[in-house]
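Student: Structure file query.pdb, PDB, C-alpha atoms and all ligand atoms, is pasted below:
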MODEL        1
ATOM      1  CA  MET B   1     -27.203 -75.334  55.932  1.00  0.00           C
ATOM      2  CA  LYS B   2     -30.813 -74.322  55.408  1.00  0.00           C
ATOM      3  CA  GLN B   3     -32.709 -71.841  57.550  1.00  0.00           C
ATOM      4  CA  TYR B   4     -36.458 -71.657  58.106  1.00  0.00           C
ATOM      5  CA  ASP B   5     -38.646 -69.151  59.968  1.00  0.00           C
ATOM      6  CA  CYS B   6     -42.255 -70.025  60.789  1.00  0.00           C
ATOM      7  CA  ILE B   7     -44.689 -68.869  58.092  1.00  0.00           C
ATOM      8  CA  VAL B   8     -47.272 -67.780  60.687  1.00  0.00           C
ATOM      9  CA  PRO B   9     -47.178 -63.988  61.197  1.00  0.00           C
ATOM     10  CA  GLY B  10     -46.025 -63.008  64.688  1.00  0.00           C
ATOM     11  CA  CYS B  11     -44.427 -66.380  65.412  1.00  0.00           C
ATOM     12  CA  ASP B  12     -40.661 -66.226  65.912  1.00  0.00           C
ATOM     13  CA  TRP B  13     -40.015 -70.002  65.824  1.00  0.00           C
ATOM     14  CA  LYS B  14     -37.151 -70.953  63.554  1.00  0.00           C
ATOM     15  CA  THR B  15     -34.951 -73.937  62.769  1.00  0.00           C
ATOM     16  CA  HIS B  16     -32.023 -74.879  60.589  1.00  0.00           C
ATOM     17  CA  THR B  17     -30.807 -78.228  59.265  1.00  0.00           C
ATOM     18  CA  GLU B  18     -28.817 -79.706  56.392  1.00  0.00           C
ATOM     19  CA  GLU B  19     -31.856 -81.332  54.788  1.00  0.00           C
ATOM     20  CA  GLU B  20     -34.918 -79.651  53.293  1.00  0.00           C
ATOM     21  CA  ALA B  21     -36.956 -82.758  54.180  1.00  0.00           C
ATOM     22  CA  GLU B  22     -35.962 -82.392  57.826  1.00  0.00           C
ATOM     23  CA  ILE B  23     -37.117 -78.770  57.861  1.00  0.00           C
ATOM     24  CA  VAL B  24     -40.472 -79.812  56.399  1.00  0.00           C
ATOM     25  CA  ARG B  25     -40.742 -82.514  59.066  1.00  0.00           C
ATOM     26  CA  ARG B  26     -39.898 -80.163  61.949  1.00  0.00           C
ATOM     27  CA  ALA B  27     -42.081 -77.366  60.588  1.00  0.00           C
ATOM     28  CA  SER B  28     -45.031 -79.739  60.225  1.00  0.00           C
ATOM     29  CA  GLU B  29     -44.562 -80.862  63.822  1.00  0.00           C
ATOM     30  CA  HIS B  30     -44.342 -77.235  64.954  1.00  0.00           C
ATOM     31  CA  MET B  31     -47.538 -76.349  63.071  1.00  0.00           C
ATOM     32  CA  ARG B  32     -49.383 -79.141  64.873  1.00  0.00           C
ATOM     33  CA  GLN B  33     -48.030 -78.333  68.332  1.00  0.00           C
ATOM     34  CA  ALA B  34     -47.869 -74.541  68.291  1.00  0.00           C
ATOM     35  CA  HIS B  35     -50.609 -73.605  65.822  1.00  0.00           C
ATOM     36  CA  GLU B  36     -52.997 -76.520  66.347  1.00  0.00           C
ATOM     37  CA  GLU B  37     -53.038 -77.585  62.721  1.00  0.00           C
ATOM     38  CA  ALA B  38     -54.633 -81.022  62.922  1.00  0.00           C
ATOM     39  CA  SER B  39     -53.356 -82.054  59.503  1.00  0.00           C
ATOM     40  CA  ILE B  40     -50.707 -80.633  57.209  1.00  0.00           C
ATOM     41  CA  ARG B  41     -52.197 -79.907  53.806  1.00  0.00           C
ATOM     42  CA  PRO B  42     -50.088 -80.367  50.644  1.00  0.00           C
ATOM     43  CA  ASN B  43     -50.178 -76.644  49.923  1.00  0.00           C
ATOM     44  CA  MET B  44     -48.789 -75.993  53.384  1.00  0.00           C
ATOM     45  CA  VAL B  45     -45.757 -78.131  52.545  1.00  0.00           C
ATOM     46  CA  GLU B  46     -45.304 -75.995  49.424  1.00  0.00           C
ATOM     47  CA  GLN B  47     -45.510 -72.839  51.562  1.00  0.00           C
ATOM     48  CA  ILE B  48     -42.925 -74.238  53.960  1.00  0.00           C
ATOM     49  CA  LYS B  49     -40.563 -75.145  51.114  1.00  0.00           C
ATOM     50  CA  ALA B  50     -40.966 -71.703  49.540  1.00  0.00           C
ATOM     51  CA  HIS B  51     -39.938 -70.137  52.853  1.00  0.00           C
ATOM     52  CA  ILE B  52     -36.683 -72.097  53.278  1.00  0.00           C
ATOM     53  CA  ARG B  53     -33.562 -69.965  52.863  1.00  0.00           C
ATOM     54  CA  ASP B  54     -29.995 -71.019  52.198  1.00  0.00           C
ATOM     55  CA  GLU B  55     -27.918 -69.828  55.124  1.00  0.00           C
ATOM     56  CA  ASP B  56     -24.793 -69.750  52.939  1.00  0.00           C
ATOM     57  CA  ALA B  57     -26.326 -67.068  50.724  1.00  0.00           C
ATOM     58  CA  GLN B  58     -26.153 -64.546  53.571  1.00  0.00           C
ATOM     59  CA  SER B  59     -22.373 -64.620  53.784  1.00  0.00           C
ATOM     60  CA  ALA B  60     -21.883 -64.047  50.042  1.00  0.00           C
TER      61      ALA B  60
HETATM   62 ZN    ZN B 101     -44.992 -70.902  64.394  1.00  0.00          ZN
ENDMDL
END
Hey, can you dump this file as structure tokens for me?

Tutor:
Amino acid sequence: MKQYDCIVPGCDWKTHTEEEAEIVRRASEHMRQAHEEASIRPNMVEQIKAHIRDEDAQSA
């Protein structure tokens, strides 16, 4: 399971899924709806991916 917290400071939106691609999809949708990003730039996808954490790592 992968965990993701919104990259925007002060925003406490978070999600978790099995698939990294699904996190990118949900995060992109959240950016449009909550932060009024009209288009998701390629570097934003990279930022999102860099922010994804493996939930399993916490229990180690
Ligand atoms: Zn957010």

Student: Could you tell me how far CA of Ile40 (chain B) lies from CA of Glu55 (chain B), in Å and to one decimal?

Tutor: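 Separating CA of Ile40 (chain B) from CA of Glu55 (chain B) is a distance of 25.3 Å.
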
Student: Show me, as a PDB file with C-alpha atoms, in the frame of the given file, the residues that have an atom within 10 Å of region 21-31 of chain B when counting all atoms listed in the file, minus same-chain residues fewer than 4 positions from it.

Tutor:
ATOM      1  CA  LYS B   2     -30.813 -74.322  55.408  1.00  0.00           C
ATOM      2  CA  GLN B   3     -32.709 -71.841  57.550  1.00  0.00           C
ATOM      3  CA  TYR B   4     -36.458 -71.657  58.106  1.00  0.00           C
ATOM      4  CA  ASP B   5     -38.646 -69.151  59.968  1.00  0.00           C
ATOM      5  CA  CYS B   6     -42.255 -70.025  60.789  1.00  0.00           C
ATOM      6  CA  ILE B   7     -44.689 -68.869  58.092  1.00  0.00           C
ATOM      7  CA  VAL B   8     -47.272 -67.780  60.687  1.00  0.00           C
ATOM      8  CA  TRP B  13     -40.015 -70.002  65.824  1.00  0.00           C
ATOM      9  CA  LYS B  14     -37.151 -70.953  63.554  1.00  0.00           C
ATOM     10  CA  THR B  15     -34.951 -73.937  62.769  1.00  0.00           C
ATOM     11  CA  HIS B  16     -32.023 -74.879  60.589  1.00  0.00           C
ATOM     12  CA  THR B  17     -30.807 -78.228  59.265  1.00  0.00           C
ATOM     13  CA  HIS B  35     -50.609 -73.605  65.822  1.00  0.00           C
ATOM     14  CA  GLU B  36     -52.997 -76.520  66.347  1.00  0.00           C
ATOM     15  CA  GLU B  37     -53.038 -77.585  62.721  1.00  0.00           C
ATOM     16  CA  ALA B  38     -54.633 -81.022  62.922  1.00  0.00           C
ATOM     17  CA  SER B  39     -53.356 -82.054  59.503  1.00  0.00           C
ATOM     18  CA  ILE B  40     -50.707 -80.633  57.209  1.00  0.00           C
ATOM     19  CA  ARG B  41     -52.197 -79.907  53.806  1.00  0.00           C
ATOM     20  CA  MET B  44     -48.789 -75.993  53.384  1.00  0.00           C
ATOM     21  CA  VAL B  45     -45.757 -78.131  52.545  1.00  0.00           C
ATOM     22  CA  GLU B  46     -45.304 -75.995  49.424  1.00  0.00           C
ATOM     23  CA  GLN B  47     -45.510 -72.839  51.562  1.00  0.00           C
ATOM     24  CA  ILE B  48     -42.925 -74.238  53.960  1.00  0.00           C
ATOM     25  CA  LYS B  49     -40.563 -75.145  51.114  1.00  0.00           C
ATOM     26  CA  ILE B  52     -36.683 -72.097  53.278  1.00  0.00           C
TER      27      ILE B  52
END

Student: Compare B:Pro42, B:Glu20, B:Met1, B:Arg32 by their minimum atom-to-atom distance to ligand ZN 101 (chain B), counting all atoms listed in the file, and give me the closest one.

Tutor: B:Arg32

Student: Using all atoms listed in the file, pick whichever of B:Gly10, B:Asn43, B:Asp56, B:Ala50 has the shortest atom-to-atom distance to ligand ZN 101 (chain B).

Tutor: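 Counting all atoms listed in the file, the residue closest to ligand ZN 101 (chain B) is B:Gly10.
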
Student: Could you write region 8-40 of chain B as a PDB file, in the coordinates of the input, with N, CA and C atoms rebuilt where they are missing?

Tutor:
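The resulting selection_0.pdb:
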ATOM      1  N   VAL B   8     -46.153 -68.428  60.004  1.00  0.00           N
ATOM      2  CA  VAL B   8     -47.272 -67.780  60.687  1.00  0.00           C
ATOM      3  C   VAL B   8     -46.839 -66.405  61.190  1.00  0.00           C
ATOM      4  N   PRO B   9     -47.542 -65.338  60.770  1.00  0.00           N
ATOM      5  CA  PRO B   9     -47.178 -63.988  61.197  1.00  0.00           C
ATOM      6  C   PRO B   9     -47.164 -63.864  62.718  1.00  0.00           C
ATOM      7  N   GLY B  10     -46.121 -63.223  63.256  1.00  0.00           N
ATOM      8  CA  GLY B  10     -46.025 -63.008  64.688  1.00  0.00           C
ATOM      9  C   GLY B  10     -45.352 -64.134  65.442  1.00  0.00           C
ATOM     10  N   CYS B  11     -45.094 -65.249  64.766  1.00  0.00           N
ATOM     11  CA  CYS B  11     -44.427 -66.380  65.412  1.00  0.00           C
ATOM     12  C   CYS B  11     -42.941 -66.301  65.104  1.00  0.00           C
ATOM     13  N   ASP B  12     -42.106 -66.372  66.146  1.00  0.00           N
ATOM     14  CA  ASP B  12     -40.661 -66.226  65.912  1.00  0.00           C
ATOM     15  C   ASP B  12     -39.917 -67.558  65.974  1.00  0.00           C
ATOM     16  N   TRP B  13     -40.656 -68.682  65.840  1.00  0.00           N
ATOM     17  CA  TRP B  13     -40.015 -70.002  65.824  1.00  0.00           C
ATOM     18  C   TRP B  13     -39.174 -70.144  64.562  1.00  0.00           C
ATOM     19  N   LYS B  14     -38.004 -70.717  64.716  1.00  0.00           N
ATOM     20  CA  LYS B  14     -37.151 -70.953  63.554  1.00  0.00           C
ATOM     21  C   LYS B  14     -36.310 -72.191  63.772  1.00  0.00           C
ATOM     22  N   THR B  15     -35.801 -72.756  62.674  1.00  0.00           N
ATOM     23  CA  THR B  15     -34.951 -73.937  62.769  1.00  0.00           C
ATOM     24  C   THR B  15     -33.979 -73.925  61.600  1.00  0.00           C
ATOM     25  N   HIS B  16     -32.914 -74.697  61.731  1.00  0.00           N
ATOM     26  CA  HIS B  16     -32.023 -74.879  60.589  1.00  0.00           C
ATOM     27  C   HIS B  16     -31.427 -76.269  60.608  1.00  0.00           C
ATOM     28  N   THR B  17     -31.348 -76.873  59.429  1.00  0.00           N
ATOM     29  CA  THR B  17     -30.807 -78.228  59.265  1.00  0.00           C
ATOM     30  C   THR B  17     -30.086 -78.305  57.920  1.00  0.00           C
ATOM     31  N   GLU B  18     -29.449 -79.445  57.685  1.00  0.00           N
ATOM     32  CA  GLU B  18     -28.817 -79.706  56.392  1.00  0.00           C
ATOM     33  C   GLU B  18     -29.851 -80.049  55.320  1.00  0.00           C
ATOM     34  N   GLU B  19     -30.929 -80.732  55.748  1.00  0.00           N
ATOM     35  CA  GLU B  19     -31.856 -81.332  54.788  1.00  0.00           C
ATOM     36  C   GLU B  19     -33.172 -80.569  54.713  1.00  0.00           C
ATOM     37  N   GLU B  20     -33.617 -80.283  53.490  1.00  0.00           N
ATOM     38  CA  GLU B  20     -34.918 -79.651  53.293  1.00  0.00           C
ATOM     39  C   GLU B  20     -36.033 -80.524  53.868  1.00  0.00           C
ATOM     40  N   ALA B  21     -35.925 -81.841  53.680  1.00  0.00           N
ATOM     41  CA  ALA B  21     -36.956 -82.758  54.180  1.00  0.00           C
ATOM     42  C   ALA B  21     -37.083 -82.690  55.697  1.00  0.00           C
ATOM     43  N   GLU B  22     -35.947 -82.489  56.368  1.00  0.00           N
ATOM     44  CA  GLU B  22     -35.962 -82.392  57.826  1.00  0.00           C
ATOM     45  C   GLU B  22     -36.633 -81.096  58.279  1.00  0.00           C
ATOM     46  N   ILE B  23     -36.429 -80.024  57.548  1.00  0.00           N
ATOM     47  CA  ILE B  23     -37.117 -78.770  57.861  1.00  0.00           C
ATOM     48  C   ILE B  23     -38.621 -78.937  57.710  1.00  0.00           C
ATOM     49  N   VAL B  24     -39.036 -79.580  56.626  1.00  0.00           N
ATOM     50  CA  VAL B  24     -40.472 -79.812  56.399  1.00  0.00           C
ATOM     51  C   VAL B  24     -41.048 -80.646  57.543  1.00  0.00           C
ATOM     52  N   ARG B  25     -40.284 -81.651  57.978  1.00  0.00           N
ATOM     53  CA  ARG B  25     -40.742 -82.514  59.066  1.00  0.00           C
ATOM     54  C   ARG B  25     -40.882 -81.723  60.378  1.00  0.00           C
ATOM     55  N   ARG B  26     -39.861 -80.953  60.709  1.00  0.00           N
ATOM     56  CA  ARG B  26     -39.898 -80.163  61.949  1.00  0.00           C
ATOM     57  C   ARG B  26     -40.968 -79.087  61.896  1.00  0.00           C
ATOM     58  N   ALA B  27     -41.100 -78.436  60.730  1.00  0.00           N
ATOM     59  CA  ALA B  27     -42.081 -77.366  60.588  1.00  0.00           C
ATOM     60  C   ALA B  27     -43.498 -77.915  60.704  1.00  0.00           C
ATOM     61  N   SER B  28     -43.715 -79.103  60.131  1.00  0.00           N
ATOM     62  CA  SER B  28     -45.031 -79.739  60.225  1.00  0.00           C
ATOM     63  C   SER B  28     -45.364 -80.044  61.689  1.00  0.00           C
ATOM     64  N   GLU B  29     -44.382 -80.554  62.412  1.00  0.00           N
ATOM     65  CA  GLU B  29     -44.562 -80.862  63.822  1.00  0.00           C
ATOM     66  C   GLU B  29     -44.853 -79.591  64.617  1.00  0.00           C
ATOM     67  N   HIS B  30     -44.124 -78.525  64.295  1.00  0.00           N
ATOM     68  CA  HIS B  30     -44.342 -77.235  64.954  1.00  0.00           C
ATOM     69  C   HIS B  30     -45.738 -76.702  64.672  1.00  0.00           C
ATOM     70  N   MET B  31     -46.200 -76.825  63.432  1.00  0.00           N
ATOM     71  CA  MET B  31     -47.538 -76.349  63.071  1.00  0.00           C
ATOM     72  C   MET B  31     -48.611 -77.063  63.888  1.00  0.00           C
ATOM     73  N   ARG B  32     -48.411 -78.371  64.089  1.00  0.00           N
ATOM     74  CA  ARG B  32     -49.383 -79.141  64.873  1.00  0.00           C
ATOM     75  C   ARG B  32     -49.366 -78.731  66.338  1.00  0.00           C
ATOM     76  N   GLN B  33     -48.155 -78.581  66.896  1.00  0.00           N
ATOM     77  CA  GLN B  33     -48.030 -78.333  68.332  1.00  0.00           C
ATOM     78  C   GLN B  33     -48.326 -76.877  68.701  1.00  0.00           C
ATOM     79  N   ALA B  34     -47.788 -75.954  67.918  1.00  0.00           N
ATOM     80  CA  ALA B  34     -47.869 -74.541  68.291  1.00  0.00           C
ATOM     81  C   ALA B  34     -49.094 -73.852  67.695  1.00  0.00           C
ATOM     82  N   HIS B  35     -49.526 -74.299  66.525  1.00  0.00           N
ATOM     83  CA  HIS B  35     -50.609 -73.605  65.822  1.00  0.00           C
ATOM     84  C   HIS B  35     -51.844 -74.473  65.655  1.00  0.00           C
ATOM     85  N   GLU B  36     -51.830 -75.656  66.288  1.00  0.00           N
ATOM     86  CA  GLU B  36     -52.997 -76.520  66.347  1.00  0.00           C
ATOM     87  C   GLU B  36     -53.561 -76.872  64.974  1.00  0.00           C
ATOM     88  N   GLU B  37     -52.640 -77.079  64.026  1.00  0.00           N
ATOM     89  CA  GLU B  37     -53.038 -77.585  62.721  1.00  0.00           C
ATOM     90  C   GLU B  37     -53.177 -79.098  62.847  1.00  0.00           C
ATOM     91  N   ALA B  38     -54.392 -79.590  62.712  1.00  0.00           N
ATOM     92  CA  ALA B  38     -54.633 -81.022  62.922  1.00  0.00           C
ATOM     93  C   ALA B  38     -53.975 -81.859  61.826  1.00  0.00           C
ATOM     94  N   SER B  39     -54.000 -81.342  60.603  1.00  0.00           N
ATOM     95  CA  SER B  39     -53.356 -82.054  59.503  1.00  0.00           C
ATOM     96  C   SER B  39     -52.623 -81.056  58.626  1.00  0.00           C
ATOM     97  N   ILE B  40     -51.512 -81.498  58.073  1.00  0.00           N
ATOM     98  CA  ILE B  40     -50.707 -80.633  57.209  1.00  0.00           C
ATOM     99  C   ILE B  40     -51.155 -80.848  55.770  1.00  0.00           C
TER     100      ILE B  40
END
